[in-house]
Each structure stands twice: as C-alpha cells, then as structure tokens.
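*Asks:* Below is upload06.csv; it holds CSV, C-alpha atoms and all ligand atoms.
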```csv
chain,number,residue,atom,x,y,z
A,1,MET,CA,83.8,180.9,248.6
A,2,GLY,CA,81.6,182.6,245.9
A,3,PRO,CA,78.6,184.7,246.5
A,4,SER,CA,75.6,183.0,248.1
A,5,TRP,CA,72.9,184.9,246.0
A,6,GLN,CA,71.8,184.2,242.4
A,7,HIS,CA,70.7,187.6,241.3
A,8,TYR,CA,72.2,191.0,241.9
A,9,LEU,CA,69.9,193.7,240.5
A,10,ILE,CA,70.7,197.4,240.2
A,11,PRO,CA,67.7,199.7,239.7
A,12,HIS,CA,68.2,203.3,238.6
A,13,SER,CA,65.0,204.8,239.9
A,14,LEU,CA,62.8,204.4,243.0
A,15,ASP,CA,59.9,203.1,240.8
A,16,GLU,CA,62.2,200.4,239.3
A,17,ALA,CA,63.4,199.4,242.8
A,18,LEU,CA,59.8,199.0,244.0
A,19,ARG,CA,58.9,197.0,240.9
A,20,LEU,CA,61.9,194.7,241.5
A,21,LEU,CA,60.9,194.4,245.2
A,22,ARG,CA,57.5,193.2,244.0
A,23,GLU,CA,58.6,190.8,241.3
A,24,ALA,CA,62.2,189.6,242.0
A,25,PRO,CA,62.7,186.0,243.2
A,26,ARG,CA,62.6,185.6,246.9
A,27,PRO,CA,64.1,185.5,249.5
A,28,LEU,CA,65.6,188.9,248.7
A,29,ALA,CA,67.3,191.8,250.5
A,30,LEU,CA,68.1,195.4,249.7
A,31,ILE,CA,71.8,196.3,249.7
A,32,ALA,CA,73.4,199.7,249.8
A,33,GLY,CA,77.1,199.8,250.8
A,34,GLY,CA,77.0,196.2,251.9
A,35,THR,CA,79.3,196.9,254.8
A,36,ASP,CA,76.8,195.3,257.3
A,37,LEU,CA,74.8,193.0,255.1
A,38,LEU,CA,77.7,191.2,253.4
A,39,LEU,CA,79.3,190.3,256.7
A,40,ASP,CA,76.0,189.3,258.1
A,41,LEU,CA,75.4,187.0,255.1
A,42,GLU,CA,78.9,185.5,255.3
A,43,GLN,CA,78.8,185.0,259.0
A,44,GLY,CA,75.2,183.5,259.1
A,45,ARG,CA,73.6,186.4,261.0
A,46,HIS,CA,71.3,187.0,258.0
A,47,GLU,CA,69.3,184.2,256.4
A,48,PRO,CA,70.6,183.3,252.9
A,49,VAL,CA,69.1,185.4,250.0
A,50,HIS,CA,68.4,184.5,246.4
A,51,THR,CA,68.3,188.2,245.2
A,52,LEU,CA,70.1,191.3,246.2
A,53,ILE,CA,68.6,194.7,245.1
A,54,ASP,CA,71.3,197.3,245.1
A,55,VAL,CA,69.8,200.7,245.9
A,56,SER,CA,73.0,202.7,245.7
A,57,GLN,CA,72.2,204.1,242.2
A,58,VAL,CA,68.7,205.3,243.0
A,59,PRO,CA,68.7,209.1,242.6
A,60,GLU,CA,65.8,209.6,245.1
A,61,LEU,CA,67.9,208.0,247.8
A,62,ARG,CA,71.0,210.1,246.9
A,63,ALA,CA,69.4,213.5,247.4
A,64,LEU,CA,70.8,215.9,250.1
A,65,GLU,CA,69.1,219.2,250.1
A,66,VAL,CA,66.8,221.7,251.9
A,67,ARG,CA,63.2,221.1,251.0
A,68,GLY,CA,61.0,223.9,252.4
A,69,ASP,CA,61.7,224.2,256.2
A,70,ARG,CA,63.4,220.8,256.4
A,71,LEU,CA,66.7,219.2,255.5
A,72,PHE,CA,66.3,216.0,253.4
A,73,ILE,CA,69.0,213.4,253.7
A,74,GLY,CA,68.6,210.5,251.3
A,75,ALA,CA,69.0,207.0,252.8
A,76,GLY,CA,71.7,206.3,250.2
A,77,VAL,CA,73.9,209.2,251.2
A,78,THR,CA,77.3,207.9,252.4
A,79,HIS,CA,78.9,208.7,255.7
A,80,HIS,CA,81.7,210.3,253.8
A,81,GLU,CA,79.3,212.7,252.0
A,82,ILE,CA,77.6,213.4,255.3
A,83,ALA,CA,80.8,214.2,257.1
A,84,GLN,CA,81.8,216.6,254.3
A,85,SER,CA,78.5,218.3,253.7
A,86,PRO,CA,78.3,222.0,254.8
A,87,LEU,CA,74.5,221.6,255.0
A,88,ILE,CA,74.7,218.8,257.5
A,89,ARG,CA,77.5,220.3,259.4
A,90,ARG,CA,75.3,223.4,259.9
A,91,HIS,CA,71.9,221.9,260.4
A,92,ALA,CA,72.7,218.5,261.9
A,93,THR,CA,76.2,218.9,263.4
A,94,ALA,CA,75.8,215.8,265.6
A,95,LEU,CA,75.3,213.6,262.5
A,96,ALA,CA,78.3,215.1,260.7
A,97,GLU,CA,80.4,214.3,263.8
A,98,ALA,CA,79.0,210.7,264.0
A,99,SER,CA,79.5,209.9,260.3
A,100,SER,CA,83.0,211.3,260.5
A,101,HIS,CA,83.8,208.7,263.2
A,102,VAL,CA,82.3,205.7,261.4
A,103,ALA,CA,84.9,203.1,260.4
A,104,GLY,CA,87.8,204.1,258.2
A,105,PRO,CA,87.8,206.2,254.9
A,106,GLN,CA,87.2,203.2,252.6
A,107,VAL,CA,84.1,202.0,254.5
A,108,ARG,CA,82.8,205.5,254.9
A,109,ARG,CA,82.8,206.1,251.1
A,110,VAL,CA,80.3,203.3,250.5
A,111,ALA,CA,78.5,202.8,253.8
A,112,THR,CA,75.2,204.7,253.9
A,113,ILE,CA,73.1,206.4,256.6
A,114,GLY,CA,70.1,204.3,255.5
A,115,GLY,CA,72.0,201.1,256.0
A,116,ASN,CA,73.1,202.3,259.4
A,117,VAL,CA,69.5,202.9,260.4
A,118,ALA,CA,67.9,199.9,258.7
A,119,HIS,CA,70.4,197.6,260.4
A,120,ALA,CA,68.9,198.8,263.7
A,121,LEU,CA,71.7,198.4,266.1
A,122,PRO,CA,71.2,200.3,269.4
A,123,ALA,CA,74.7,201.9,269.2
A,124,ALA,CA,75.1,202.6,265.5
A,125,ASP,CA,76.8,206.0,265.3
A,126,GLY,CA,74.7,207.7,262.6
A,127,THR,CA,71.5,206.3,264.1
A,128,ILE,CA,72.3,207.6,267.6
A,129,ALA,CA,73.0,211.1,266.2
A,130,LEU,CA,69.7,211.1,264.2
A,131,THR,CA,67.8,210.1,267.4
A,132,VAL,CA,68.2,213.5,268.9
A,133,LEU,CA,67.7,215.5,265.6
A,134,ASP,CA,63.9,214.9,265.5
A,135,PRO,CA,63.8,213.2,262.0
A,136,ILE,CA,60.8,211.9,260.2
A,137,ALA,CA,61.6,208.9,257.9
A,138,GLU,CA,60.2,208.5,254.5
A,139,VAL,CA,59.4,204.9,253.6
A,140,ALA,CA,58.3,203.7,250.1
A,141,SER,CA,56.6,200.4,249.1
A,142,PRO,CA,54.6,199.3,246.1
A,143,GLN,CA,51.5,200.4,248.1
A,144,GLY,CA,52.8,204.1,248.4
A,145,THR,CA,54.8,206.3,250.6
A,146,ARG,CA,54.5,206.8,254.4
A,147,ARG,CA,56.2,209.0,257.0
A,148,VAL,CA,57.4,207.4,260.2
A,149,ALA,CA,58.6,208.9,263.4
A,150,PHE,CA,62.3,207.9,263.7
A,151,GLU,CA,62.0,205.9,266.9
A,152,ASP,CA,59.2,203.8,265.4
A,153,LEU,CA,61.6,202.3,262.9
A,154,PHE,CA,63.1,200.0,265.5
A,155,ALA,CA,61.7,196.7,266.8
A,156,GLY,CA,64.7,195.3,268.6
A,157,PRO,CA,68.5,194.8,268.4
A,158,GLY,CA,69.2,194.3,264.7
A,159,ARG,CA,65.5,194.3,263.8
A,160,SER,CA,63.7,197.3,262.1
A,161,THR,CA,60.0,197.7,261.7
A,162,LEU,CA,60.4,198.0,257.9
A,163,ALA,CA,58.4,195.4,255.9
A,164,GLU,CA,60.2,193.2,253.3
A,165,ASP,CA,58.8,195.3,250.5
A,166,GLU,CA,59.7,198.7,252.0
A,167,ILE,CA,62.6,201.0,251.1
A,168,LEU,CA,63.9,203.7,253.4
A,169,VAL,CA,64.0,206.7,251.1
A,170,GLY,CA,65.4,209.3,253.5
A,171,PHE,CA,65.0,211.6,256.6
A,172,TYR,CA,63.5,215.0,257.0
A,173,LEU,CA,65.2,217.0,259.8
A,174,PRO,CA,64.2,220.5,261.1
A,175,LEU,CA,66.6,223.3,260.0
A,176,VAL,CA,68.8,224.7,262.8
A,177,GLU,CA,67.3,227.7,264.6
A,178,ALA,CA,68.9,230.4,266.6
A,179,ASN,CA,70.3,229.3,269.9
A,180,THR,CA,70.0,225.6,269.1
A,181,ALA,CA,72.8,223.1,268.4
A,182,SER,CA,73.8,219.4,268.6
A,183,ALA,CA,76.8,217.3,269.4
A,184,PHE,CA,78.0,213.7,269.2
A,185,ALA,CA,80.8,211.9,271.0
A,186,ARG,CA,81.9,208.3,271.5
A,187,VAL,CA,84.4,206.1,273.2
A,188,MET,CA,86.0,203.2,271.3
A,189,ARG,CA,88.2,200.4,272.4
A,190,PRO,CA,91.7,201.0,271.1
A,191,GLN,CA,92.4,199.2,267.8
A,192,THR,CA,88.8,198.3,267.1
A,193,ILE,CA,86.8,199.8,264.2
A,194,ALA,CA,83.2,198.7,264.4
A,195,LEU,CA,80.8,199.7,267.1
A,196,PRO,CA,81.7,201.9,270.1
A,197,VAL,CA,81.9,201.0,273.7
A,198,LEU,CA,79.4,203.8,274.2
A,199,ASN,CA,78.3,206.9,272.2
A,200,ALA,CA,76.1,209.9,273.0
A,201,ALA,CA,74.3,212.6,271.2
A,202,ALA,CA,72.5,215.8,272.4
A,203,TRP,CA,70.5,218.6,270.9
A,204,VAL,CA,69.9,221.7,273.0
A,205,ARG,CA,68.1,225.0,272.9
A,206,ARG,CA,69.8,227.6,275.0
A,207,GLU,CA,68.4,230.6,276.7
A,208,GLY,CA,71.1,232.6,278.6
A,209,ASP,CA,72.7,230.2,280.9
A,210,ARG,CA,69.8,227.7,280.8
A,211,LEU,CA,68.9,224.6,278.8
A,212,ALA,CA,65.5,225.8,277.6
A,213,ASP,CA,65.0,222.4,275.8
A,214,VAL,CA,67.1,219.3,275.4
A,215,ARG,CA,67.1,215.9,273.6
A,216,LEU,CA,69.6,213.3,274.8
A,217,THR,CA,70.5,209.7,274.0
A,218,LEU,CA,73.3,207.2,274.6
A,219,GLY,CA,74.0,204.0,272.8
A,220,PRO,CA,73.7,201.2,273.6
A,221,SER,CA,71.4,202.0,276.5
A,222,GLY,CA,68.6,199.6,275.6
A,223,PRO,CA,67.5,197.2,272.9
A,224,VAL,CA,66.6,200.0,270.5
A,225,PRO,CA,67.9,203.6,269.9
A,226,ARG,CA,65.7,206.0,271.9
A,227,ARG,CA,65.8,209.3,273.6
A,228,LEU,CA,66.3,209.3,277.4
A,229,ARG,CA,63.2,211.4,278.1
A,230,ALA,CA,63.1,211.2,281.9
A,231,THR,CA,66.7,212.4,282.0
A,232,GLU,CA,65.9,215.2,279.5
A,233,ALA,CA,63.1,216.2,281.9
A,234,VAL,CA,65.6,216.7,284.8
A,235,LEU,CA,67.8,218.9,282.5
A,236,ARG,CA,65.1,221.0,280.9
A,237,GLY,CA,64.9,224.5,282.1
A,238,GLN,CA,68.1,224.2,284.2
A,239,PRO,CA,71.6,225.7,284.0
A,240,LEU,CA,74.3,223.3,283.1
A,241,THR,CA,75.9,223.1,286.6
A,242,ASP,CA,77.6,220.1,288.2
A,243,ASP,CA,74.7,219.7,290.5
A,244,VAL,CA,72.2,219.6,287.7
A,245,LEU,CA,74.4,217.1,285.8
A,246,ALA,CA,74.7,214.9,288.9
A,247,ARG,CA,70.9,214.8,289.2
A,248,ALA,CA,70.5,214.0,285.5
A,249,TYR,CA,73.0,211.2,285.9
A,250,ASP,CA,71.1,209.7,288.8
A,251,GLN,CA,68.0,209.6,286.6
A,252,LEU,CA,70.0,208.4,283.6
A,253,LEU,CA,71.2,205.4,285.6
A,254,GLN,CA,67.6,204.4,286.3
A,255,GLU,CA,66.4,205.0,282.7
A,256,ALA,CA,69.2,203.6,280.6
A,257,HIS,CA,69.9,199.9,280.6
A,258,PHE,CA,73.6,199.2,280.2
A,259,ARG,CA,74.8,195.7,279.6
A,260,THR,CA,78.1,193.9,279.8
A,261,SER,CA,79.1,192.8,276.3
A,262,ARG,CA,81.7,190.2,275.7
A,263,LEU,CA,83.7,192.1,273.1
A,264,ARG,CA,83.4,195.7,274.2
A,265,ALA,CA,82.8,196.7,277.9
A,266,THR,CA,81.4,195.9,281.3
A,267,LYS,CA,78.2,197.4,282.5
A,268,ALA,CA,80.1,199.2,285.3
A,269,TYR,CA,82.5,200.8,282.7
A,270,ARG,CA,79.6,201.9,280.5
A,271,GLN,CA,77.9,203.4,283.6
A,272,HIS,CA,81.0,205.4,284.3
A,273,LEU,CA,81.4,206.5,280.7
A,274,ALA,CA,77.8,207.6,280.6
A,275,TYR,CA,78.5,210.6,282.8
A,276,VAL,CA,81.5,211.6,280.9
A,277,LEU,CA,79.8,211.4,277.5
A,278,MET,CA,76.5,213.0,278.7
A,279,GLU,CA,78.5,216.0,280.1
A,280,ARG,CA,80.6,216.2,276.9
A,281,VAL,CA,77.8,216.3,274.4
A,282,LEU,CA,75.7,218.7,276.5
A,283,ARG,CA,78.5,221.1,277.1
A,284,ARG,CA,79.6,221.0,273.5
A,285,ALA,CA,76.1,221.6,272.1
A,286,PHE,CA,75.5,224.3,274.7
A,287,ALA,CA,78.7,226.2,273.7
A,288,ARG,CA,77.8,225.9,270.0
A,289,CYS,CA,74.6,227.7,270.6
A,290,ALA,CA,76.6,230.8,271.1
A,291,GLU,CA,78.4,230.4,267.8
A,292,PRO,CA,77.0,232.6,265.0
A,293,GLN,CA,76.3,229.9,262.5
A,294,ALA,CA,75.7,227.1,264.9
A,295,ALA,CA,78.6,224.8,264.5
A,296,ALA,CA,81.6,223.9,262.6
A,297,VAL,CA,82.6,220.3,263.1
B,1,LIG,C1,85.2,197.7,259.1
B,1,LIG,C2,83.8,198.3,259.5
B,1,LIG,C3,83.8,199.3,260.5
B,1,LIG,C4,82.5,199.9,260.8
B,1,LIG,N1,82.5,200.9,261.8
B,1,LIG,C5,81.3,201.4,262.1
B,1,LIG,C6,81.3,202.5,263.1
B,1,LIG,O1,82.3,203.0,263.5
B,1,LIG,N2,80.1,202.9,263.5
B,1,LIG,C7,78.9,202.4,263.0
B,1,LIG,O2,77.8,202.9,263.3
B,1,LIG,N3,78.9,201.4,262.1
B,1,LIG,C8,80.1,200.9,261.6
B,1,LIG,N4,80.1,199.9,260.7
B,1,LIG,C9,78.9,199.3,260.2
B,1,LIG,C10,78.4,199.8,258.9
B,1,LIG,O3,79.5,200.3,258.1
B,1,LIG,C11,77.3,200.9,259.0
B,1,LIG,O4,76.2,200.5,259.8
B,1,LIG,C12,76.8,201.4,257.6
B,1,LIG,O5,76.2,202.6,257.8
B,1,LIG,C13,75.8,200.4,257.0
B,1,LIG,O6,75.5,201.0,255.7
B,1,LIG,P1,75.5,200.1,254.4
B,1,LIG,O7,75.1,201.1,253.3
B,1,LIG,O8,76.8,199.4,254.2
B,1,LIG,O9,74.4,199.1,254.7
B,1,LIG,P2,74.2,197.6,254.0
B,1,LIG,O10,75.1,196.7,254.6
B,1,LIG,O11,74.1,197.7,252.5
B,1,LIG,O12,72.7,197.3,254.6
B,1,LIG,C14,72.5,197.1,256.0
B,1,LIG,C15,71.0,196.7,256.2
B,1,LIG,O13,70.2,197.8,255.8
B,1,LIG,C16,69.3,197.4,254.8
B,1,LIG,N5,69.1,198.6,253.9
B,1,LIG,C17,70.2,199.2,253.3
B,1,LIG,N6,69.7,200.3,252.7
B,1,LIG,C18,68.3,200.3,252.9
B,1,LIG,C19,67.2,201.1,252.4
B,1,LIG,N7,67.4,202.2,251.7
B,1,LIG,N8,66.0,200.8,252.8
B,1,LIG,C20,65.7,199.7,253.6
B,1,LIG,N9,66.7,198.9,254.0
B,1,LIG,C21,68.0,199.2,253.7
B,1,LIG,C22,69.9,196.2,254.2
B,1,LIG,O14,68.9,195.3,253.6
B,1,LIG,C23,70.6,195.5,255.4
B,1,LIG,O15,69.6,194.8,256.1
B,1,LIG,C24,81.3,199.3,260.3
B,1,LIG,C25,81.4,198.3,259.4
B,1,LIG,C26,82.6,197.8,259.0
B,1,LIG,C27,82.7,196.7,258.0
```
So that I can check it, write out the structure of this file as structure tokens.
*Replies:*
Amino acid sequence: MGPSWQHYLIPHSLDEALRLLREAPRPLALIAGGTDLLLDLEQGRHEPVHTLIDVSQVPELRALEVRGDRLFIGAGVTHHEIAQSPLIRRHATALAEASSHVAGPQVRRVATIGGNVAHALPAADGTIALTVLDPIAEVASPQGTRRVAFEDLFAGPGRSTLAEDEILVGFYLPLVEANTASAFARVMRPQTIALPVLNAAAWVRREGDRLADVRLTLGPSGPVPRRLRATEAVLRGQPLTDDVLARAYDQLLQEAHFRTSRLRATKAYRQHLAYVLMERVLRRAFARCAEPQAAAV
C-alpha cells in the first residue's frame, strides 16, 4: 500500500513552515519523526491527510541551549539527542532518563520530544518527565508566537490544545538549582516496546532530611498528563519516611485515576505499582540533591 498523502513538504525555516501551514492544501498535518503519526494514519486513528509538512529540518525546532536563566529544548530534538545531552542530564535529569527509555535505538534517533508531547498521550514517557520540570511551551502560528503553561497543552487522551495552524517550537525549563533534582522511572510489560504499564516522575527540593518542595506525576493516571498536586501537598515539608510515603499513597489513590487497559495492565496492578514507582522516583531525586552537580543518569 502506497502513502495516503499527495504532498510531502520539507520547510527549512520556521517562517517557511508557517507559510506552508497557511497555504498548503488541506487536510494537512505536521510530521516530525513520524513514529506516532505514520502508524496512526495507517491504522485509521488519524483522519487521512492530503499534505504532510515535515518539521524535522527546521533549525528553530532543533535548538538545545541555555537561554538566559532557562534551558531551551526545541520540539524537534530527538530522544536520542536528549538522552545523550550533558545539558539535559544536568538540568532535566528526569527527561534524559525518560528519553533513554523510549522505544529502541532506531526509533529514538528520529522520534522527537515535540511529537511525544503533541501526540498528547497520558503515559508518553518524555511528556510525563516534562510535567514535573515546570516547562513553558513556545507555540508559533501565522498570527505570532505564544507561551503556554505545559499542562494547558492537553485536551484529552490523544488530543492536544494546539490549533491546526500551530507549531510547537520548544520548551523553556528552569535551570537546576542547588539542592534540587529530578528522576523518572517506569515499568513495561516484558517484550513490549511502546507505552509503559505505568511511569512516574518527580522533582524535589531538599532541605536537610526534608522535602522542602516537590512535584510528582504518574502516567497514565487520568485522561491528560498532570501533576498530582494533592499528593504533593502531603509530601511537602516532610521527611521521606515510610509513614509519610504511606500517607502520600493514600492521597494518591484518591487523586489518580487508574484504569484497566486491555493491552497493558489491570487497575489493581497499576495501583500496586503506583507506590513502588512513587517511592522510587522520590528517593532517587532526593538522593541526587546531595550530589555535587545534581545528577548523572
Ligand atoms: C516501536 C515504537 C516504540 C515506541 N516506544 C515508545 C516509548 O517507549 N515511550 C513513548 O513515550 N513513546 C514511544 N513511542 C511513540 C513515539 O515514538 C513517541 O511518542 C515519539 O516521541 C513521537 O515523536 P515523532 O517525532 O515521531 O512524532 P510524529 O509521529 O512525527 O508526530 C506525532 C504527533 O505530533 C504532531 N507534531 C509533531 N511535531 C510537532 C510540532 N513541532 N508541533 C506541533 N505538532 C507536532 C504530529 O502532527 C502528530 O500529530 C514508540 C513508537 C514506536 C513506533
């Protein structure tokens, strides 16, 4: 079976991509690595398109650098590049860990963080890691550029809030500060390669033996990626003892909505794993705070 689209366009600048978005024959879609989109088109989960606009050669989306007091990660940066980047390993350790787990080496070399986020699945690994790293997304359209709080990018499972003529340019993350660190972990079914049974990410600020501040998420724990703020509130200001973890877990079971999914796991198994993964990411991030350069993956 041949491709279902008529035009495959490859812009070499953001301006050119935006012009094509305005002018190209519809229906159209952006494509980066194509590792989600091509399967969705082939398997009928995405409506057929007339035009694909390939953003993988747009330099603005390929940037990965410190800008002022923020780390900028372009939407077109691949999971392989993220996993290898000393900047990301230092400032966004959870994301480096998540990207290093995505798929296998071939997929990781083309699959992008922007595609992971724009696909909007509640357990996508890169997306779950970013959720705790406090990113601001930059979104461009023919009308201009806007900044969006990360959690506002998601409308529902597989649905982002991006308009048809919008491109995700990248993410601005705070640089790592003293006594802060992050961690990511996941559990997969043996011999599967796509989404995990459950994953988790945490960012913490440590003061002595206490969690002075914390951000926590698990995926999938609801229709969209989101922080578990009521659980974070139980943990904030507390030492990381078994008793505190037990209270946080009670809260987590009320706040997170775990489902049985046909291909991956039962609700009960996910509830069980939630404690294991919550403890793992909190303890890892907490231990990393004591390391001089916050974190080698
Ligand atoms: C074998 C295999 C294993 C996988 N394993 C994992 C895994 O372990 N963990 C995991 O999380 N995922 C996994 N995935 C899913 C996939 O690889 C990732 O979600 C990947 O990050 C998607 O990026 P992409 O560049 O390929 O996106 P694409 O498929 O090109 O695009 C995905 C969606 O994002 C939109 N899009 C892309 N770029 C932009 C942009 N800049 N602005 C706006 N919209 C945009 C597209 O229009 C499309 O709707 C796997 C996929 C395969 C095929």
*Asks:* For Thr51 (chain A), which residue among A:Thr241, A:Thr260, A:Ser4, A:Asn179 is the nearest when counting all atoms listed in the file?
*Replies:*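 Between A:Thr241, A:Thr260, A:Ser4, A:Asn179, the residue approaching Thr51 (chain A) most closely is A:Ser4.
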*Asks:* For ligand LIG 1 (chain B), list the contacting residues at 8 Å or closer, counting all atoms listed in the file, as a ChimeraX atom specification.
*Replies:* /A:29-39,54-55,61,75-76,78-79,98-99,101-104,107-108,110-119,123-127,139,162,166-170,193-196
*Asks:* Would you mind telling me which residue in A:His50, A:Arg283, A:Arg109, A:Arg229 lies nearest to Gln6 (chain A) when using only C-alpha atoms?
*Replies:* A:His50
*Asks:* So how many Å separate CA of Pro122 (chain A) and CA of Arg247 (chain A), to one decimal?
*Replies:*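 We find that CA of Pro122 (chain A) and CA of Arg247 (chain A) lie 24.5 Å from each other.
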*Asks:* Which one is closest to Ala24 (chain A): A:Ala246, A:Ser100, A:Asp165, A:Arg236? Count only C-alpha atoms.
*Replies:*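 Distance minimum relative to Ala24 (chain A) lands on A:Asp165.
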*Asks:* Can you tell me, as a ChimeraX atom specification, which residues sit within 12 Å of (71.5, 228.9, 265.7) in the file's frame, using only C-alpha atoms?
*Replies:* /A:90-93,175-182,203-207,285-296
*Asks:* State, in Å with one decimal place, the distance from CA of Glu255 (chain A) to CA of Gly219 (chain A).
*Replies:*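 Taking CA of Glu255 (chain A) as the start and CA of Gly219 (chain A) as the end point, the length is 12.5 Å.
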*Asks:* Nearest residue to Arg70 (chain A) out of A:Ile82, A:Leu273, A:Ile136, A:Ala17, using all atoms listed in the file?
*Replies:*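 Between A:Ile82, A:Leu273, A:Ile136, A:Ala17, the residue approaching Arg70 (chain A) most closely is A:Ile136.
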*Asks:* Record the distance separating CA of Phe258 (chain A) and CA of Phe150 (chain A), expressed in Å with one decimal.
*Replies:*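 Between CA of Phe258 (chain A) and CA of Phe150 (chain A) the gap is 21.8 Å.
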*Asks:* Pick out the closest residue to Phe184 (chain A) from this set: A:Leu228, A:Leu216, A:Leu263, A:Val281. Count all atoms listed in the file.
*Replies:*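 Going through A:Leu228, A:Leu216, A:Leu263, A:Val281 one by one, the smallest distance to Phe184 (chain A) is for A:Val281.
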*Asks:* From the set A:Pro25, A:Thr217, A:Val148, A:Pro225, which residue has the shortest atom-to-atom contact distance to Tyr275 (chain A), counting all atoms listed in the file?
*Replies:*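 Among the listed residues, A:Thr217 lies closest to Tyr275 (chain A).
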*Asks:* Quick one: residues within 6 Å of region 153-158 of chain A, only C-alpha atoms counted, chain neighbours fewer than 2 positions away excluded, as an mmCIF file with C-alpha atoms, keeping the file's coordinate frame?
*Replies:*
```cif
data_model
loop_
_atom_site.group_PDB
_atom_site.id
_atom_site.type_symbol
_atom_site.label_atom_id
_atom_site.label_comp_id
_atom_site.auth_asym_id
_atom_site.auth_seq_id
_atom_site.Cartn_x
_atom_site.Cartn_y
_atom_site.Cartn_z
ATOM 1 C CA HIS A 119 70.400 197.600 260.400
ATOM 2 C CA ALA A 120 68.900 198.800 263.700
ATOM 3 C CA LEU A 121 71.700 198.400 266.100
ATOM 4 C CA PHE A 150 62.300 207.900 263.700
ATOM 5 C CA GLU A 151 62.000 205.900 266.900
ATOM 6 C CA SER A 160 63.700 197.300 262.100
ATOM 7 C CA THR A 161 60.000 197.700 261.700
ATOM 8 C CA PRO A 223 67.500 197.200 272.900
ATOM 9 C CA VAL A 224 66.600 200.000 270.500
#
```
*Asks:* Could you give me, as a ChimeraX atom specification, the residues that sit within 6 Å of (76.8, 203.5, 275.5) in the file's coordinates, counting only C-alpha atoms?
*Replies:* /A:197-199,218-221,270
